[in-house]
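J.: Data file my_file-v3.txt (compact mmCIF, C-alpha atoms) is appended below.
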# COMPACT_ATOMS: atom_id res chain seq x y z
CA MET S 22 0.00 0.00 0.00
CA SER S 23 1.43 3.34 -0.98
CA LEU S 24 1.23 6.33 1.25
CA ILE S 25 0.36 9.76 -0.11
CA ARG S 26 2.63 12.29 1.41
CA ARG S 27 1.08 15.67 2.14
CA PRO S 28 3.30 18.65 1.45
CA VAL S 29 4.83 20.10 4.58
CA LEU S 30 4.30 23.86 4.78
CA SER S 31 6.98 26.02 6.25
CA ARG S 32 6.19 28.25 9.22
CA ARG S 33 6.51 31.25 6.90
CA ALA S 34 3.95 29.77 4.48
CA VAL S 35 1.49 29.03 7.30
CA LEU S 36 1.86 32.55 8.68
CA THR S 37 1.39 34.11 5.24
CA SER S 38 -1.72 32.00 4.63
CA THR S 39 -3.19 32.93 8.02
CA LEU S 40 -2.60 36.66 7.53
CA ALA S 41 -4.17 36.51 4.08
CA ALA S 42 -7.25 34.80 5.52
CA LEU S 43 -7.57 37.43 8.24
CA ALA S 44 -7.25 40.27 5.73
CA THR S 45 -9.96 38.71 3.59
CA ALA S 46 -12.23 38.22 6.61
CA ARG S 47 -11.93 41.89 7.56
CA THR S 48 -13.37 42.99 4.22
CA MET S 49 -16.17 40.40 4.19
CA PRO S 50 -19.68 41.25 5.41
CA PHE S 51 -20.47 40.27 8.99
CA ALA S 52 -22.45 37.02 9.24
CA ASN S 53 -25.33 36.96 11.70
CA ALA S 54 -28.58 35.13 12.18
CA GLN S 55 -30.28 37.29 9.56
CA GLY S 56 -27.59 36.66 6.96
CA LEU S 57 -24.66 38.79 5.86
CA TYR S 58 -24.35 42.31 7.25
CA PRO S 59 -24.56 44.59 5.51
CA SER S 60 -26.43 42.88 2.68
CA ARG S 61 -27.65 46.17 1.18
CA PRO S 62 -26.71 49.86 1.20
CA VAL S 63 -26.77 51.56 4.61
CA ARG S 64 -27.91 55.14 5.12
CA ILE S 65 -26.63 57.42 7.85
CA VAL S 66 -29.28 60.01 8.69
CA LEU S 67 -27.96 63.39 9.76
CA PRO S 68 -29.92 66.14 11.58
CA PHE S 69 -27.68 68.76 9.89
CA ALA S 70 -27.50 70.41 6.48
CA ALA S 71 -25.02 69.37 3.81
CA GLY S 72 -21.63 71.06 3.76
CA GLY S 73 -21.11 71.52 7.49
CA VAL S 74 -18.50 69.89 9.68
CA ALA S 75 -20.86 67.12 10.85
CA ASP S 76 -21.84 66.40 7.25
CA ILE S 77 -18.24 66.20 6.05
CA THR S 78 -17.37 63.98 9.02
CA ALA S 79 -20.27 61.64 8.28
CA ARG S 80 -19.25 61.32 4.64
CA LEU S 81 -15.65 60.53 5.56
CA ILE S 82 -16.85 57.83 7.96
CA ALA S 83 -19.40 56.48 5.47
CA ASP S 84 -16.72 56.04 2.80
CA GLN S 85 -14.46 54.19 5.22
CA LEU S 86 -17.27 51.95 6.51
CA GLY S 87 -18.19 51.08 2.93
CA THR S 88 -14.61 50.05 2.20
CA LYS S 89 -14.27 48.12 5.45
CA LEU S 90 -17.61 46.26 5.32
CA GLY S 91 -17.95 45.79 1.56
CA GLN S 92 -21.22 47.65 1.07
CA ARG S 93 -22.23 51.21 0.24
CA PHE S 94 -22.82 53.59 3.16
CA TYR S 95 -24.38 56.94 2.28
CA VAL S 96 -25.47 60.11 4.09
CA GLU S 97 -29.01 61.49 4.10
CA ASN S 98 -29.42 65.05 5.45
CA GLN S 99 -32.57 65.90 7.39
CA PRO S 100 -31.81 69.25 9.09
CA GLY S 101 -34.08 71.32 11.29
CA ALA S 102 -36.74 70.81 13.95
CA GLY S 103 -34.13 70.23 16.64
CA GLY S 104 -33.15 66.93 15.07
CA ILE S 105 -36.67 65.52 15.59
CA SER S 106 -37.27 64.67 11.92
CA ALA S 107 -33.99 62.79 11.59
CA ALA S 108 -34.59 60.93 14.86
CA ARG S 109 -38.07 59.87 13.79
CA THR S 110 -36.72 58.53 10.51
CA VAL S 111 -34.17 56.35 12.26
CA ILE S 112 -36.28 54.97 15.12
CA SER S 113 -39.11 54.09 12.74
CA ALA S 114 -36.76 52.16 10.45
CA PRO S 115 -36.31 48.37 10.79
CA PRO S 116 -33.68 47.64 13.49
CA ASP S 117 -31.46 45.70 11.12
CA GLY S 118 -28.52 48.09 10.71
CA SER S 119 -29.67 49.45 7.35
CA THR S 120 -30.50 52.88 8.85
CA LEU S 121 -28.16 54.62 11.29
CA ALA S 122 -28.05 58.05 12.91
CA LEU S 123 -25.25 60.48 13.57
CA LEU S 124 -26.20 62.18 16.82
CA SER S 125 -24.32 64.75 18.87
CA ASN S 126 -24.42 66.44 22.24
CA GLY S 127 -27.15 68.54 20.59
CA THR S 128 -29.42 65.53 21.11
CA ALA S 129 -28.64 65.62 24.83
CA ILE S 130 -29.47 69.34 24.89
CA SER S 131 -32.77 68.73 23.06
CA ALA S 132 -33.72 66.15 25.69
CA SER S 133 -33.12 68.81 28.34
CA LEU S 134 -34.51 71.83 26.48
CA PHE S 135 -37.79 70.48 25.13
CA LYS S 136 -40.61 69.68 27.52
CA LYS S 137 -41.56 66.67 25.46
CA LEU S 138 -39.81 64.98 22.57
CA PRO S 139 -41.48 62.43 20.29
CA PHE S 140 -38.60 60.08 21.06
CA ASP S 141 -36.39 59.06 23.97
CA PRO S 142 -32.72 59.46 23.01
CA VAL S 143 -31.68 56.90 25.64
CA LYS S 144 -34.34 54.21 25.09
CA ASP S 145 -35.01 54.56 21.35
CA PHE S 146 -31.41 54.36 20.13
CA ALA S 147 -28.70 51.72 20.38
CA PRO S 148 -25.26 53.39 20.70
CA ILE S 149 -22.49 52.08 18.45
CA SER S 150 -19.41 54.29 18.92
CA SER S 151 -18.39 57.88 19.30
CA LEU S 152 -16.78 59.35 16.19
CA GLY S 153 -14.94 62.32 17.63
CA THR S 154 -14.88 65.20 20.08
CA PHE S 155 -14.22 68.91 19.83
CA ASP S 156 -14.22 71.83 22.20
CA PHE S 157 -15.02 75.52 21.81
CA LEU S 158 -12.92 78.66 21.89
CA PHE S 159 -13.46 81.92 23.77
CA ALA S 160 -12.39 84.56 21.27
CA VAL S 161 -12.13 88.36 21.11
CA ARG S 162 -11.15 90.89 18.46
CA ALA S 163 -7.42 91.09 17.88
CA GLU S 164 -7.48 94.69 19.18
CA SER S 165 -9.44 93.81 22.33
CA LYS S 166 -8.11 95.06 25.65
CA PHE S 167 -8.70 91.56 27.03
CA LYS S 168 -5.45 89.68 26.60
CA THR S 169 -6.47 86.71 28.75
CA LEU S 170 -9.71 85.22 30.01
CA GLU S 171 -8.72 86.38 33.47
CA ASP S 172 -8.79 89.96 32.11
CA PHE S 173 -12.35 89.48 30.90
CA ILE S 174 -13.47 87.96 34.22
CA LYS S 175 -11.87 90.79 36.20
CA ALA S 176 -13.64 93.42 34.08
CA ALA S 177 -16.97 91.58 34.35
CA LYS S 178 -16.68 91.56 38.14
CA GLN S 179 -15.79 95.25 38.27
CA LYS S 180 -18.75 96.27 36.11
CA PRO S 181 -21.44 93.56 36.33
CA GLY S 182 -23.89 93.36 33.44
CA THR S 183 -21.97 95.68 31.12
CA LEU S 184 -20.03 93.24 28.96
CA ASN S 185 -21.65 91.36 26.07
CA VAL S 186 -21.01 87.77 24.95
CA GLY S 187 -22.33 86.87 21.52
CA THR S 188 -23.40 83.30 20.70
CA ILE S 189 -25.58 81.54 18.19
CA ASN S 190 -29.22 80.87 19.07
CA THR S 191 -30.55 80.29 22.57
CA GLY S 192 -30.26 76.64 23.57
CA SER S 193 -27.26 75.91 21.37
CA THR S 194 -24.17 74.38 22.93
CA GLN S 195 -22.36 77.69 22.48
CA ASN S 196 -25.16 79.61 24.17
CA LEU S 197 -25.34 77.18 27.08
CA ALA S 198 -21.55 77.27 27.36
CA ALA S 199 -21.84 81.01 28.00
CA GLU S 200 -24.45 80.33 30.70
CA LEU S 201 -22.21 77.71 32.30
CA PHE S 202 -19.22 80.08 32.16
CA LYS S 203 -21.23 82.81 33.84
CA THR S 204 -22.08 80.53 36.76
CA ALA S 205 -18.66 78.88 37.06
CA ALA S 206 -16.81 82.21 36.99
CA GLY S 207 -19.30 83.94 39.29
CA VAL S 208 -19.71 86.90 36.92
CA ASP S 209 -22.60 88.73 35.32
CA PHE S 210 -22.61 89.66 31.64
CA VAL S 211 -25.22 89.92 28.88
CA ILE S 212 -25.54 86.94 26.54
CA VAL S 213 -26.62 88.12 23.10
CA PRO S 214 -28.03 85.35 20.87
CA PHE S 215 -27.77 85.60 17.07
CA ARG S 216 -29.29 83.48 14.31
CA GLY S 217 -25.95 82.10 13.18
CA THR S 218 -22.17 82.33 13.33
CA PRO S 219 -21.81 84.90 10.50
CA GLU S 220 -23.93 87.42 12.44
CA VAL S 221 -21.96 86.78 15.63
CA LEU S 222 -18.64 87.34 13.86
CA VAL S 223 -19.85 90.61 12.30
CA ALA S 224 -20.94 91.86 15.73
CA LEU S 225 -17.63 90.84 17.29
CA LEU S 226 -15.49 92.41 14.58
CA GLN S 227 -17.55 95.60 14.79
CA ASP S 228 -17.04 95.67 18.57
CA SER S 229 -20.78 95.27 19.26
CA VAL S 230 -20.03 92.30 21.51
CA ASP S 231 -16.93 91.79 23.61
CA LEU S 232 -16.42 88.05 23.30
CA THR S 233 -17.81 85.00 21.52
CA ILE S 234 -17.78 81.25 22.12
CA ASP S 235 -17.72 79.00 19.08
CA SER S 236 -16.00 76.02 17.50
CA TYR S 237 -12.53 76.13 16.00
CA SER S 238 -13.95 75.38 12.55
CA ALA S 239 -16.25 78.43 12.79
CA LEU S 240 -13.46 80.76 13.93
CA LYS S 241 -10.34 79.41 12.22
CA GLY S 242 -10.51 81.72 9.18
CA ASN S 243 -10.56 84.87 11.29
CA LEU S 244 -8.00 83.44 13.70
CA ALA S 245 -5.65 82.63 10.82
CA ASP S 246 -6.14 86.14 9.35
CA GLY S 247 -5.27 87.74 12.69
CA LYS S 248 -8.70 89.35 13.10
CA LEU S 249 -9.54 87.34 16.21
CA ARG S 250 -7.57 86.10 19.19
CA ALA S 251 -8.47 83.04 21.25
CA LEU S 252 -8.31 83.41 25.03
CA ALA S 253 -9.22 79.90 26.17
CA ALA S 254 -10.47 76.51 25.01
CA THR S 255 -13.26 74.64 26.76
CA GLY S 256 -11.96 71.07 26.68
CA PRO S 257 -10.72 69.15 29.73
CA LEU S 258 -7.22 69.12 28.21
CA ARG S 259 -5.46 71.34 25.70
CA SER S 260 -6.71 70.58 22.22
CA LYS S 261 -4.51 68.88 19.63
CA ILE S 262 -5.85 71.49 17.22
CA THR S 263 -4.96 74.53 19.33
CA PRO S 264 -2.26 73.30 21.75
CA ASP S 265 -1.07 76.85 22.57
CA ILE S 266 -4.44 77.95 23.93
CA PRO S 267 -5.04 77.37 27.69
CA THR S 268 -8.09 75.53 28.95
CA LEU S 269 -10.78 77.03 31.14
CA ARG S 270 -9.30 75.23 34.13
CA GLU S 271 -5.88 76.71 33.40
CA SER S 272 -7.65 80.08 33.39
CA GLY S 273 -9.06 79.48 36.86
CA ILE S 274 -12.55 78.21 35.87
CA GLU S 275 -13.58 74.79 37.16
CA ALA S 276 -15.58 73.77 34.10
CA SER S 277 -15.12 72.03 30.79
CA ILE S 278 -17.30 71.74 27.70
CA GLU S 279 -16.62 69.13 25.08
CA SER S 280 -18.91 68.49 22.15
CA TRP S 281 -19.11 65.09 20.46
CA ASN S 282 -20.76 63.13 17.72
CA GLY S 283 -21.48 59.42 17.57
CA LEU S 284 -23.12 56.70 15.52
CA PHE S 285 -26.37 55.13 16.72
CA ALA S 286 -28.81 52.52 15.44
CA PRO S 287 -32.50 52.00 16.24
CA ALA S 288 -33.12 50.24 19.54
CA GLY S 289 -33.43 46.50 19.06
CA THR S 290 -30.68 46.26 16.46
CA PRO S 291 -28.96 42.84 16.88
CA PRO S 292 -25.82 42.91 19.04
CA GLY S 293 -23.89 41.25 16.22
CA VAL S 294 -24.61 44.18 13.91
CA ILE S 295 -23.65 46.70 16.61
CA GLY S 296 -20.46 44.72 17.20
CA ALA S 297 -19.55 44.61 13.51
CA LEU S 298 -19.97 48.37 13.17
CA ASN S 299 -18.08 49.09 16.38
CA THR S 300 -15.18 46.85 15.35
CA ALA S 301 -14.97 48.61 11.99
CA LEU S 302 -15.03 52.05 13.61
CA GLN S 303 -12.36 51.08 16.14
CA GLU S 304 -10.05 50.47 13.18
CA ILE S 305 -11.19 53.38 11.01
CA LEU S 306 -10.91 56.08 13.67
CA VAL S 307 -7.28 55.34 14.56
CA ASP S 308 -6.12 55.52 10.95
CA PRO S 309 -3.55 58.37 10.74
CA VAL S 310 -4.85 59.65 7.40
CA LEU S 311 -8.45 59.88 8.61
CA LYS S 312 -7.40 61.38 11.94
CA LYS S 313 -5.51 64.12 10.09
CA LYS S 314 -8.49 64.91 7.87
CA MET S 315 -10.81 65.15 10.87
CA LEU S 316 -8.33 67.23 12.84
CA GLU S 317 -8.33 69.73 9.98
CA LEU S 318 -12.10 70.02 10.55
CA GLY S 319 -11.45 70.66 14.23
CA ILE S 320 -12.44 67.17 15.39
CA ASP S 321 -10.33 64.74 17.37
CA ALA S 322 -11.30 61.32 15.96
CA LYS S 323 -12.05 59.08 18.91
CA PRO S 324 -13.87 55.71 18.99
CA SER S 325 -15.60 54.30 22.07
CA THR S 326 -17.48 51.25 23.23
CA PRO S 327 -21.30 51.36 22.97
CA GLU S 328 -21.43 51.50 26.77
CA GLN S 329 -19.13 54.53 26.91
CA LEU S 330 -21.23 56.39 24.34
CA ALA S 331 -24.44 55.59 26.24
CA ALA S 332 -22.90 56.87 29.47
CA ARG S 333 -21.77 60.07 27.76
CA LEU S 334 -25.25 60.73 26.37
CA ARG S 335 -26.87 60.26 29.80
CA ALA S 336 -24.26 62.43 31.53
CA ASP S 337 -24.74 65.26 29.03
CA ILE S 338 -28.53 65.15 29.40
CA ASP S 339 -28.12 65.64 33.16
CA LYS S 340 -25.42 68.31 32.74
CA TRP S 341 -27.33 70.50 30.31
CA ARG S 342 -30.62 70.10 32.15
CA ALA S 343 -28.94 71.57 35.23
CA VAL S 344 -27.51 74.48 33.20
CA ILE S 345 -30.88 75.21 31.59
CA GLU S 346 -32.68 75.15 34.93
CA GLN S 347 -30.09 77.33 36.66
CA SER S 348 -29.99 79.90 33.85
CA GLY S 349 -33.78 80.23 33.75
CA ILE S 350 -34.05 79.41 30.03
CA GLU S 351 -37.67 78.52 29.35
CA ARG S 352 -38.11 74.95 28.20
CA GLN S 353 -39.76 74.74 24.80
Spell out the structure here as structure tokens.

T.:
Amino acid sequence: MSLIRRPVLSRRAVLTSTLAALATARTMPFANAQGLYPSRPVRIVLPFAAGGVADITARLIADQLGTKLGQRFYVENQPGAGGISAARTVISAPPDGSTLALLSNGTAISASLFKKLPFDPVKDFAPISSLGTFDFLFAVRAESKFKTLEDFIKAAKQKPGTLNVGTINTGSTQNLAAELFKTAAGVDFVIVPFRGTPEVLVALLQDSVDLTIDSYSALKGNLADGKLRALAATGPLRSKITPDIPTLRESGIEASIESWNGLFAPAGTPPGVIGALNTALQEILVDPVLKKKMLELGIDAKPSTPEQLAARLRADIDKWRAVIEQSGIERQ
């Protein structure tokens, strides 16, 4: 009887074969009880208009998810109504991972600002992963007499109610950041709400308001041109985007404000689908090329576990509810 000898593979050949199999598996759809995920195009619903930072971020992420999971991911913009329309679209969709939502700390504010929402941001969504964080800048005109945030605070204490801080509309993160700053610093100034960032910047450059609070992406053009000067950043640590600008805590204010955005699915989405998306995002968001692109938008790309994102949402709801109640802003 003749024996058939099987070829003996070298350790190098076995290793090469294993790595090739792993690389192939990473680009294959995720198999679950319902079949392959994703088996059809996936839409990411956005409560913001096209062309903004959140929109650009979502499109960058969608492209990378499509490459990673072997199916088309696309963005659908549904701006307005405090994000209610976009939320309704997502929570009424089948919980199969074919419809996702990009939500932000604005959702936490809406839960605190509106007396009643037609959805529960905690119960009606399944968190997947955070996408990134960004803070805000306290900025003045380049010619302003305020060289530091401490200068502004000192002047506000000397003449209460005489200084003006311009922000976008009442209830925005920027507007509530001004309310939080007022309380944390123990000062009194007038918060002047405007319809949008362009109007705020005109007022600031014309010296109609003394200071504004807004994102780096909204201010970077005027900062780069030398028309504005940043006094402080609101994050818990110095930003990678503006490492030379001190934080609020470094300026003597025990407060921090960090905005975020994250990817969510409708509640009831299978854990396997959530896991597949989270695993893909954990890889995508540490890619140096993507991180650089997002940093240019003012966002620090940062993945999380679903549990961490859920905790952040709940904490922000509590935080902004307290600010709204303390400031006396009427709930809508």

J.: I'd like the contact shell of Asn282 in chain S - 12 Å cut-off, all atoms listed in the file, skipping same-chain residues fewer than 2 positions apart - returned as a PyMOL selection string.

T.: chain S and resi 67-69+74-76+78-79+82+122-129+148-156+279-280+284-285+320-325+330-331+333-334

J.: Between S:Lys203, S:Arg216, S:Lys175, S:Arg270, single out the one closest to Ile189 in chain S, counting all atoms listed in the file.

T.: S:Arg216

J.: I want to know what sits within 10 Å of Ser119 in chain S, based on all atoms listed in the file, with residues of the same chain fewer than 5 positions away left out; could you give that as an MDAnalysis selection string?

T.: chainID S and resid 58:65 94 111 114 286:287 290 294

J.: Counting all atoms listed in the file, which residue out of S:Pro264, S:Pro257, S:Gly73, S:Gly104 sits closest to Phe140 in chain S?

T.: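 The answer is S:Gly104, which sits nearest to Phe140 in chain S.
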
J.: Please, what distance in Å, to one decimal, runs between CA of Ala251 in chain S and CA of Asp235 in chain S?

T.: 10.3 Å

J.: Mind giving me the straight-line distance from CA of Arg259 in chain S to CA of Ser165 in chain S in Å, one decimal?

T.: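 Interatomic distance, CA of Arg259 in chain S to CA of Ser165 in chain S: 23.1 Å.
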
J.: Let me know the centre plus edge lengths, in Å and rounded to one decimal, of a box with edges along x, y and z that contains all listed atoms of range 82-99 of chain S and is padded by 8 Å on every side, as lines of an AutoDock Vina configuration file.

T.:
center_x = -23.4
center_y = 55.8
center_z = 4.1
size_x = 34.3
size_y = 36.1
size_z = 23.7

J.: Find, counting only C-alpha atoms, the residue in S:Leu81, S:Ile350, S:Ala70, S:Ala245 that gets nearest to Met315 in chain S.

T.: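 Nearest to Met315 in chain S: S:Leu81.
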
J.: For CA of Val230 in chain S and CA of Asn185 in chain S, determine how far apart the two atoms are, in Å to one decimal place.

T.: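 Separation between CA of Val230 in chain S and CA of Asn185 in chain S: 4.9 Å.
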
J.: Within 12 Å of Glu275 in chain S, counting all atoms listed in the file, which residues show up once you throw out same-chain ones fewer than 3 positions away? Write them as a PyMOL selection string, please.

T.: chain S and resi 201-207+255-257+268-272+278

J.: Which protein, DNA or RNA residues are at most 12 Å from (-36.8, 56.3, 15.3) in the file's coordinates when you count all atoms listed in the file, listed as a PDB file with C-alpha atoms, keeping the file's coordinate frame?

T.:
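This is the output file point-v4.pdb:
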ATOM      1  CA  VAL S  66     -29.280  60.010   8.690  1.00  0.00           C
ATOM      2  CA  GLY S 104     -33.150  66.930  15.070  1.00  0.00           C
ATOM      3  CA  ILE S 105     -36.670  65.520  15.590  1.00  0.00           C
ATOM      4  CA  SER S 106     -37.270  64.670  11.920  1.00  0.00           C
ATOM      5  CA  ALA S 107     -33.990  62.790  11.590  1.00  0.00           C
ATOM      6  CA  ALA S 108     -34.590  60.930  14.860  1.00  0.00           C
ATOM      7  CA  ARG S 109     -38.070  59.870  13.790  1.00  0.00           C
ATOM      8  CA  THR S 110     -36.720  58.530  10.510  1.00  0.00           C
ATOM      9  CA  VAL S 111     -34.170  56.350  12.260  1.00  0.00           C
ATOM     10  CA  ILE S 112     -36.280  54.970  15.120  1.00  0.00           C
ATOM     11  CA  SER S 113     -39.110  54.090  12.740  1.00  0.00           C
ATOM     12  CA  ALA S 114     -36.760  52.160  10.450  1.00  0.00           C
ATOM     13  CA  PRO S 115     -36.310  48.370  10.790  1.00  0.00           C
ATOM     14  CA  PRO S 116     -33.680  47.640  13.490  1.00  0.00           C
ATOM     15  CA  THR S 120     -30.500  52.880   8.850  1.00  0.00           C
ATOM     16  CA  LEU S 121     -28.160  54.620  11.290  1.00  0.00           C
ATOM     17  CA  ALA S 122     -28.050  58.050  12.910  1.00  0.00           C
ATOM     18  CA  LEU S 138     -39.810  64.980  22.570  1.00  0.00           C
ATOM     19  CA  PRO S 139     -41.480  62.430  20.290  1.00  0.00           C
ATOM     20  CA  PHE S 140     -38.600  60.080  21.060  1.00  0.00           C
ATOM     21  CA  ASP S 141     -36.390  59.060  23.970  1.00  0.00           C
ATOM     22  CA  PRO S 142     -32.720  59.460  23.010  1.00  0.00           C
ATOM     23  CA  VAL S 143     -31.680  56.900  25.640  1.00  0.00           C
ATOM     24  CA  LYS S 144     -34.340  54.210  25.090  1.00  0.00           C
ATOM     25  CA  ASP S 145     -35.010  54.560  21.350  1.00  0.00           C
ATOM     26  CA  PHE S 146     -31.410  54.360  20.130  1.00  0.00           C
ATOM     27  CA  ALA S 147     -28.700  51.720  20.380  1.00  0.00           C
ATOM     28  CA  PHE S 285     -26.370  55.130  16.720  1.00  0.00           C
ATOM     29  CA  ALA S 286     -28.810  52.520  15.440  1.00  0.00           C
ATOM     30  CA  PRO S 287     -32.500  52.000  16.240  1.00  0.00           C
ATOM     31  CA  ALA S 288     -33.120  50.240  19.540  1.00  0.00           C
ATOM     32  CA  GLY S 289     -33.430  46.500  19.060  1.00  0.00           C
ATOM     33  CA  THR S 290     -30.680  46.260  16.460  1.00  0.00           C
TER      34      THR S 290
END
